[in-house]
Amino acid sequence: MSTHSLRDLRMQLGAIVRGVAATGEEAIITDSGSEVAVIISMADYERLHEHADLIDALRLRDMRAADYTAMSMSDMLDQLGVDPAELLAS
């Protein structure tokens, strides 16, 4: 992992991106000493999205398998703390 300030990034963007692509090693970007962003390889990006899709599918499966009870709209609005009159007025 390498770390670069925004100033470095402006001057060396091409070299930093090519390095990330070639090595798969991410580059942390800092602004005034605080980490604000990261550059990752396309392969890592695709893996992250595959994992996110898998987690979403598992969560959806679990939600579909769980028991649930239906409630009226007024009960739902009450639990959410929403005033029906304000909702209709908007």
# chains A, B, ... in the order shown; residues from 1 in each chain; ligands from 1
$ residues_around --residues "range 32-49 of chain A" --least-positions-apart "2" --cutoff "12 Å" --atoms "only C-alpha atoms" --output "JSON, numbers by chain"
{"A": [1, 2, 3, 4, 5, 6, 7, 8, 9, 13, 14, 16, 17, 18, 19, 20, 21, 22, 23, 24, 25, 26, 27, 28, 29, 30, 51, 52, 53, 54, 55, 56]}
$ select_by_dssp --residues "chain A" --states "helix (DSSP H, G or I)" --output "JSON list (two decimals) with N, CA, C and O atoms, in the first residue's frame"
[["chain", "number", "residue", "atom", "x", "y", "z"],
["A", 6, "LEU", "N", -2.92, 14.74, -2.08],
["A", 6, "LEU", "CA", -3.58, 15.25, -3.28],
["A", 6, "LEU", "C", -2.59, 15.98, -4.18],
["A", 6, "LEU", "O", -2.68, 15.90, -5.40],
["A", 7, "ARG", "N", -1.64, 16.67, -3.58],
["A", 7, "ARG", "CA", -0.63, 17.38, -4.37],
["A", 7, "ARG", "C", 0.17, 16.37, -5.20],
["A", 7, "ARG", "O", 0.38, 16.57, -6.40],
["A", 8, "ASP", "N", 0.61, 15.26, -4.57],
["A", 8, "ASP", "CA", 1.33, 14.21, -5.31],
["A", 8, "ASP", "C", 0.45, 13.64, -6.43],
["A", 8, "ASP", "O", 0.92, 13.40, -7.54],
["A", 9, "LEU", "N", -0.80, 13.43, -6.09],
["A", 9, "LEU", "CA", -1.72, 12.82, -7.04],
["A", 9, "LEU", "C", -1.86, 13.68, -8.29],
["A", 9, "LEU", "O", -1.86, 13.15, -9.41],
["A", 10, "ARG", "N", -1.95, 14.97, -8.12],
["A", 10, "ARG", "CA", -2.08, 15.87, -9.27],
["A", 10, "ARG", "C", -0.89, 15.74, -10.22],
["A", 10, "ARG", "O", -1.05, 15.80, -11.43],
["A", 11, "MET", "N", 0.29, 15.57, -9.66],
["A", 11, "MET", "CA", 1.50, 15.53, -10.49],
["A", 11, "MET", "C", 1.81, 14.13, -11.00],
["A", 11, "MET", "O", 2.49, 14.00, -12.01],
["A", 12, "GLN", "N", 1.35, 13.08, -10.31],
["A", 12, "GLN", "CA", 1.78, 11.73, -10.64],
["A", 12, "GLN", "C", 0.62, 10.76, -10.88],
["A", 12, "GLN", "O", 0.78, 9.55, -10.73],
["A", 13, "LEU", "N", -0.55, 11.26, -11.22],
["A", 13, "LEU", "CA", -1.72, 10.40, -11.34],
["A", 13, "LEU", "C", -1.48, 9.21, -12.26],
["A", 13, "LEU", "O", -1.78, 8.07, -11.90],
["A", 14, "GLY", "N", -0.94, 9.45, -13.43],
["A", 14, "GLY", "CA", -0.71, 8.36, -14.38],
["A", 14, "GLY", "C", 0.17, 7.27, -13.81],
["A", 14, "GLY", "O", -0.14, 6.08, -13.89],
["A", 15, "ALA", "N", 1.28, 7.67, -13.20],
["A", 15, "ALA", "CA", 2.22, 6.68, -12.65],
["A", 15, "ALA", "C", 1.59, 5.93, -11.48],
["A", 15, "ALA", "O", 1.77, 4.71, -11.34],
["A", 16, "ILE", "N", 0.83, 6.63, -10.64],
["A", 16, "ILE", "CA", 0.20, 5.97, -9.49],
["A", 16, "ILE", "C", -0.84, 4.96, -9.96],
["A", 16, "ILE", "O", -0.87, 3.82, -9.50],
["A", 17, "VAL", "N", -1.68, 5.35, -10.92],
["A", 17, "VAL", "CA", -2.72, 4.44, -11.42],
["A", 17, "VAL", "C", -2.08, 3.24, -12.12],
["A", 17, "VAL", "O", -2.51, 2.10, -11.91],
["A", 18, "ARG", "N", -1.06, 3.46, -12.92],
["A", 18, "ARG", "CA", -0.38, 2.34, -13.58],
["A", 18, "ARG", "C", 0.25, 1.40, -12.55],
["A", 18, "ARG", "O", 0.21, 0.18, -12.70],
["A", 19, "GLY", "N", 0.81, 1.96, -11.48],
["A", 19, "GLY", "CA", 1.39, 1.13, -10.42],
["A", 19, "GLY", "C", 0.34, 0.28, -9.73],
["A", 19, "GLY", "O", 0.56, -0.91, -9.45],
["A", 20, "VAL", "N", -0.81, 0.87, -9.44],
["A", 20, "VAL", "CA", -1.91, 0.11, -8.82],
["A", 20, "VAL", "C", -2.36, -1.00, -9.76],
["A", 20, "VAL", "O", -2.57, -2.14, -9.34],
["A", 21, "ALA", "N", -2.52, -0.68, -11.04],
["A", 21, "ALA", "CA", -2.97, -1.68, -12.01],
["A", 21, "ALA", "C", -1.97, -2.82, -12.16],
["A", 21, "ALA", "O", -2.35, -3.98, -12.27],
["A", 22, "ALA", "N", -0.69, -2.49, -12.12],
["A", 22, "ALA", "CA", 0.35, -3.51, -12.32],
["A", 22, "ALA", "C", 0.55, -4.39, -11.10],
["A", 22, "ALA", "O", 0.77, -5.59, -11.23],
["A", 23, "THR", "N", 0.49, -3.80, -9.92],
["A", 23, "THR", "CA", 0.82, -4.56, -8.71],
["A", 23, "THR", "C", -0.39, -5.04, -7.92],
["A", 23, "THR", "O", -0.29, -5.95, -7.11],
["A", 42, "MET", "N", -8.80, -2.68, -10.91],
["A", 42, "MET", "CA", -10.10, -3.09, -11.43],
["A", 42, "MET", "C", -10.47, -4.49, -10.92],
["A", 42, "MET", "O", -11.64, -4.73, -10.60],
["A", 43, "ALA", "N", -9.50, -5.37, -10.80],
["A", 43, "ALA", "CA", -9.78, -6.72, -10.29],
["A", 43, "ALA", "C", -10.31, -6.66, -8.86],
["A", 43, "ALA", "O", -11.27, -7.36, -8.51],
["A", 44, "ASP", "N", -9.69, -5.83, -8.02],
["A", 44, "ASP", "CA", -10.17, -5.69, -6.64],
["A", 44, "ASP", "C", -11.55, -5.06, -6.61],
["A", 44, "ASP", "O", -12.41, -5.46, -5.82],
["A", 45, "TYR", "N", -11.77, -4.08, -7.45],
["A", 45, "TYR", "CA", -13.08, -3.43, -7.53],
["A", 45, "TYR", "C", -14.16, -4.44, -7.91],
["A", 45, "TYR", "O", -15.23, -4.49, -7.29],
["A", 46, "GLU", "N", -13.89, -5.27, -8.91],
["A", 46, "GLU", "CA", -14.86, -6.28, -9.33],
["A", 46, "GLU", "C", -15.11, -7.30, -8.23],
["A", 46, "GLU", "O", -16.25, -7.72, -8.01],
["A", 47, "ARG", "N", -14.05, -7.70, -7.50],
["A", 47, "ARG", "CA", -14.24, -8.63, -6.38],
["A", 47, "ARG", "C", -15.11, -8.02, -5.29],
["A", 47, "ARG", "O", -15.97, -8.68, -4.72],
["A", 48, "LEU", "N", -14.89, -6.75, -4.99],
["A", 48, "LEU", "CA", -15.71, -6.07, -3.98],
["A", 48, "LEU", "C", -17.18, -6.09, -4.38],
["A", 48, "LEU", "O", -18.06, -6.34, -3.55],
["A", 49, "HIS", "N", -17.45, -5.82, -5.65],
["A", 49, "HIS", "CA", -18.83, -5.83, -6.11],
["A", 49, "HIS", "C", -19.43, -7.23, -6.10],
["A", 49, "HIS", "O", -20.60, -7.40, -5.78],
["A", 50, "GLU", "N", -18.64, -8.23, -6.44],
["A", 50, "GLU", "CA", -19.13, -9.61, -6.37],
["A", 50, "GLU", "C", -19.50, -9.96, -4.94],
["A", 50, "GLU", "O", -20.54, -10.58, -4.69],
["A", 51, "HIS", "N", -18.66, -9.58, -4.00],
["A", 51, "HIS", "CA", -18.94, -9.87, -2.59],
["A", 51, "HIS", "C", -20.17, -9.13, -2.13],
["A", 51, "HIS", "O", -21.01, -9.67, -1.40],
["A", 52, "ALA", "N", -20.32, -7.87, -2.53],
["A", 52, "ALA", "CA", -21.50, -7.09, -2.15],
["A", 52, "ALA", "C", -22.76, -7.72, -2.73],
["A", 52, "ALA", "O", -23.78, -7.81, -2.03],
["A", 53, "ASP", "N", -22.69, -8.18, -3.98],
["A", 53, "ASP", "CA", -23.85, -8.83, -4.59],
["A", 53, "ASP", "C", -24.21, -10.11, -3.85],
["A", 53, "ASP", "O", -25.39, -10.41, -3.63],
["A", 54, "LEU", "N", -23.20, -10.88, -3.45],
["A", 54, "LEU", "CA", -23.44, -12.11, -2.72],
["A", 54, "LEU", "C", -24.08, -11.82, -1.37],
["A", 54, "LEU", "O", -25.05, -12.46, -0.97],
["A", 55, "ILE", "N", -23.57, -10.83, -0.67],
["A", 55, "ILE", "CA", -24.13, -10.46, 0.63],
["A", 55, "ILE", "C", -25.57, -10.00, 0.47],
["A", 55, "ILE", "O", -26.44, -10.37, 1.27],
["A", 56, "ASP", "N", -25.85, -9.20, -0.55],
["A", 56, "ASP", "CA", -27.22, -8.76, -0.80],
["A", 56, "ASP", "C", -28.14, -9.94, -1.06],
["A", 56, "ASP", "O", -29.27, -9.99, -0.56],
["A", 57, "ALA", "N", -27.68, -10.90, -1.85],
["A", 57, "ALA", "CA", -28.49, -12.08, -2.15],
["A", 57, "ALA", "C", -28.76, -12.90, -0.89],
["A", 57, "ALA", "O", -29.88, -13.38, -0.67],
["A", 58, "LEU", "N", -27.74, -13.08, -0.06],
["A", 58, "LEU", "CA", -27.93, -13.83, 1.18],
["A", 58, "LEU", "C", -28.88, -13.10, 2.13],
["A", 58, "LEU", "O", -29.73, -13.73, 2.77],
["A", 59, "ARG", "N", -28.74, -11.79, 2.21],
["A", 59, "ARG", "CA", -29.64, -11.00, 3.07],
["A", 59, "ARG", "C", -31.08, -11.11, 2.57],
["A", 59, "ARG", "O", -32.01, -11.28, 3.36],
["A", 60, "LEU", "N", -31.28, -11.03, 1.26],
["A", 60, "LEU", "CA", -32.62, -11.15, 0.69],
["A", 60, "LEU", "C", -33.19, -12.54, 0.96],
["A", 60, "LEU", "O", -34.36, -12.67, 1.34],
["A", 61, "ARG", "N", -32.37, -13.57, 0.82],
["A", 61, "ARG", "CA", -32.81, -14.93, 1.11],
["A", 61, "ARG", "C", -33.27, -15.04, 2.56],
["A", 61, "ARG", "O", -34.32, -15.61, 2.85],
["A", 62, "ASP", "N", -32.48, -14.49, 3.48],
["A", 62, "ASP", "CA", -32.84, -14.53, 4.90],
["A", 62, "ASP", "C", -34.12, -13.76, 5.17],
["A", 62, "ASP", "O", -34.95, -14.19, 5.98],
["A", 63, "MET", "N", -34.28, -12.62, 4.52],
["A", 63, "MET", "CA", -35.49, -11.83, 4.72],
["A", 63, "MET", "C", -36.72, -12.58, 4.22],
["A", 63, "MET", "O", -37.77, -12.56, 4.86],
["A", 64, "ARG", "N", -36.59, -13.26, 3.09],
["A", 64, "ARG", "CA", -37.72, -14.02, 2.54],
["A", 64, "ARG", "C", -38.07, -15.22, 3.42],
["A", 64, "ARG", "O", -39.22, -15.62, 3.48],
["A", 65, "ALA", "N", -37.07, -15.79, 4.09],
["A", 65, "ALA", "CA", -37.30, -16.98, 4.92],
["A", 65, "ALA", "C", -37.87, -16.61, 6.29],
["A", 65, "ALA", "O", -38.50, -17.43, 6.94],
["A", 73, "MET", "N", -51.42, 0.44, 7.35],
["A", 73, "MET", "CA", -50.65, 1.63, 7.02],
["A", 73, "MET", "C", -50.59, 2.59, 8.21],
["A", 73, "MET", "O", -49.54, 3.17, 8.50],
["A", 74, "SER", "N", -51.69, 2.75, 8.92],
["A", 74, "SER", "CA", -51.69, 3.66, 10.06],
["A", 74, "SER", "C", -50.76, 3.17, 11.16],
["A", 74, "SER", "O", -50.06, 3.96, 11.80],
["A", 75, "ASP", "N", -50.71, 1.83, 11.39],
["A", 75, "ASP", "CA", -49.78, 1.29, 12.39],
["A", 75, "ASP", "C", -48.33, 1.52, 11.96],
["A", 75, "ASP", "O", -47.47, 1.87, 12.77],
["A", 76, "MET", "N", -48.07, 1.34, 10.67],
["A", 76, "MET", "CA", -46.72, 1.53, 10.17],
["A", 76, "MET", "C", -46.29, 3.00, 10.33],
["A", 76, "MET", "O", -45.20, 3.29, 10.79],
["A", 77, "LEU", "N", -47.16, 3.93, 9.93],
["A", 77, "LEU", "CA", -46.84, 5.34, 10.07],
["A", 77, "LEU", "C", -46.62, 5.71, 11.53],
["A", 77, "LEU", "O", -45.71, 6.48, 11.86],
["A", 78, "ASP", "N", -47.43, 5.13, 12.41],
["A", 78, "ASP", "CA", -47.28, 5.39, 13.84],
["A", 78, "ASP", "C", -45.92, 4.89, 14.34],
["A", 78, "ASP", "O", -45.21, 5.60, 15.06],
["A", 79, "GLN", "N", -45.53, 3.69, 13.94],
["A", 79, "GLN", "CA", -44.23, 3.15, 14.37],
["A", 79, "GLN", "C", -43.07, 3.96, 13.81],
["A", 79, "GLN", "O", -42.04, 4.08, 14.44],
["A", 80, "LEU", "N", -43.26, 4.51, 12.63],
["A", 80, "LEU", "CA", -42.21, 5.33, 12.02],
["A", 80, "LEU", "C", -42.21, 6.76, 12.55],
["A", 80, "LEU", "O", -41.30, 7.53, 12.26],
["A", 84, "PRO", "N", -49.75, 11.30, 9.60],
["A", 84, "PRO", "CA", -50.45, 11.11, 8.32],
["A", 84, "PRO", "C", -50.90, 12.42, 7.69],
["A", 84, "PRO", "O", -50.84, 12.58, 6.47],
["A", 85, "ALA", "N", -51.30, 13.40, 8.49],
["A", 85, "ALA", "CA", -51.76, 14.68, 7.95],
["A", 85, "ALA", "C", -50.60, 15.41, 7.25],
["A", 85, "ALA", "O", -50.78, 16.00, 6.18],
["A", 86, "GLU", "N", -49.41, 15.36, 7.85],
["A", 86, "GLU", "CA", -48.25, 15.99, 7.23],
["A", 86, "GLU", "C", -47.85, 15.28, 5.95],
["A", 86, "GLU", "O", -47.44, 15.88, 4.98],
["A", 87, "LEU", "N", -47.99, 13.97, 5.96],
["A", 87, "LEU", "CA", -47.65, 13.17, 4.79],
["A", 87, "LEU", "C", -48.57, 13.52, 3.61],
["A", 87, "LEU", "O", -48.11, 13.70, 2.49],
["A", 88, "LEU", "N", -49.86, 13.65, 3.89],
["A", 88, "LEU", "CA", -50.81, 13.98, 2.86],
["A", 88, "LEU", "C", -50.65, 15.41, 2.35],
["A", 88, "LEU", "O", -50.91, 15.71, 1.19],
["A", 89, "ALA", "N", -50.19, 16.29, 3.24],
["A", 89, "ALA", "CA", -50.03, 17.71, 2.87],
["A", 89, "ALA", "C", -48.82, 17.93, 1.97],
["A", 89, "ALA", "O", -48.74, 18.92, 1.26]]
$ select_by_dssp --residues "range 11-51 of chain A" --states "strand (DSSP E or B)" --output "PyMOL selection string"
chain A and resi 27-31+34-39
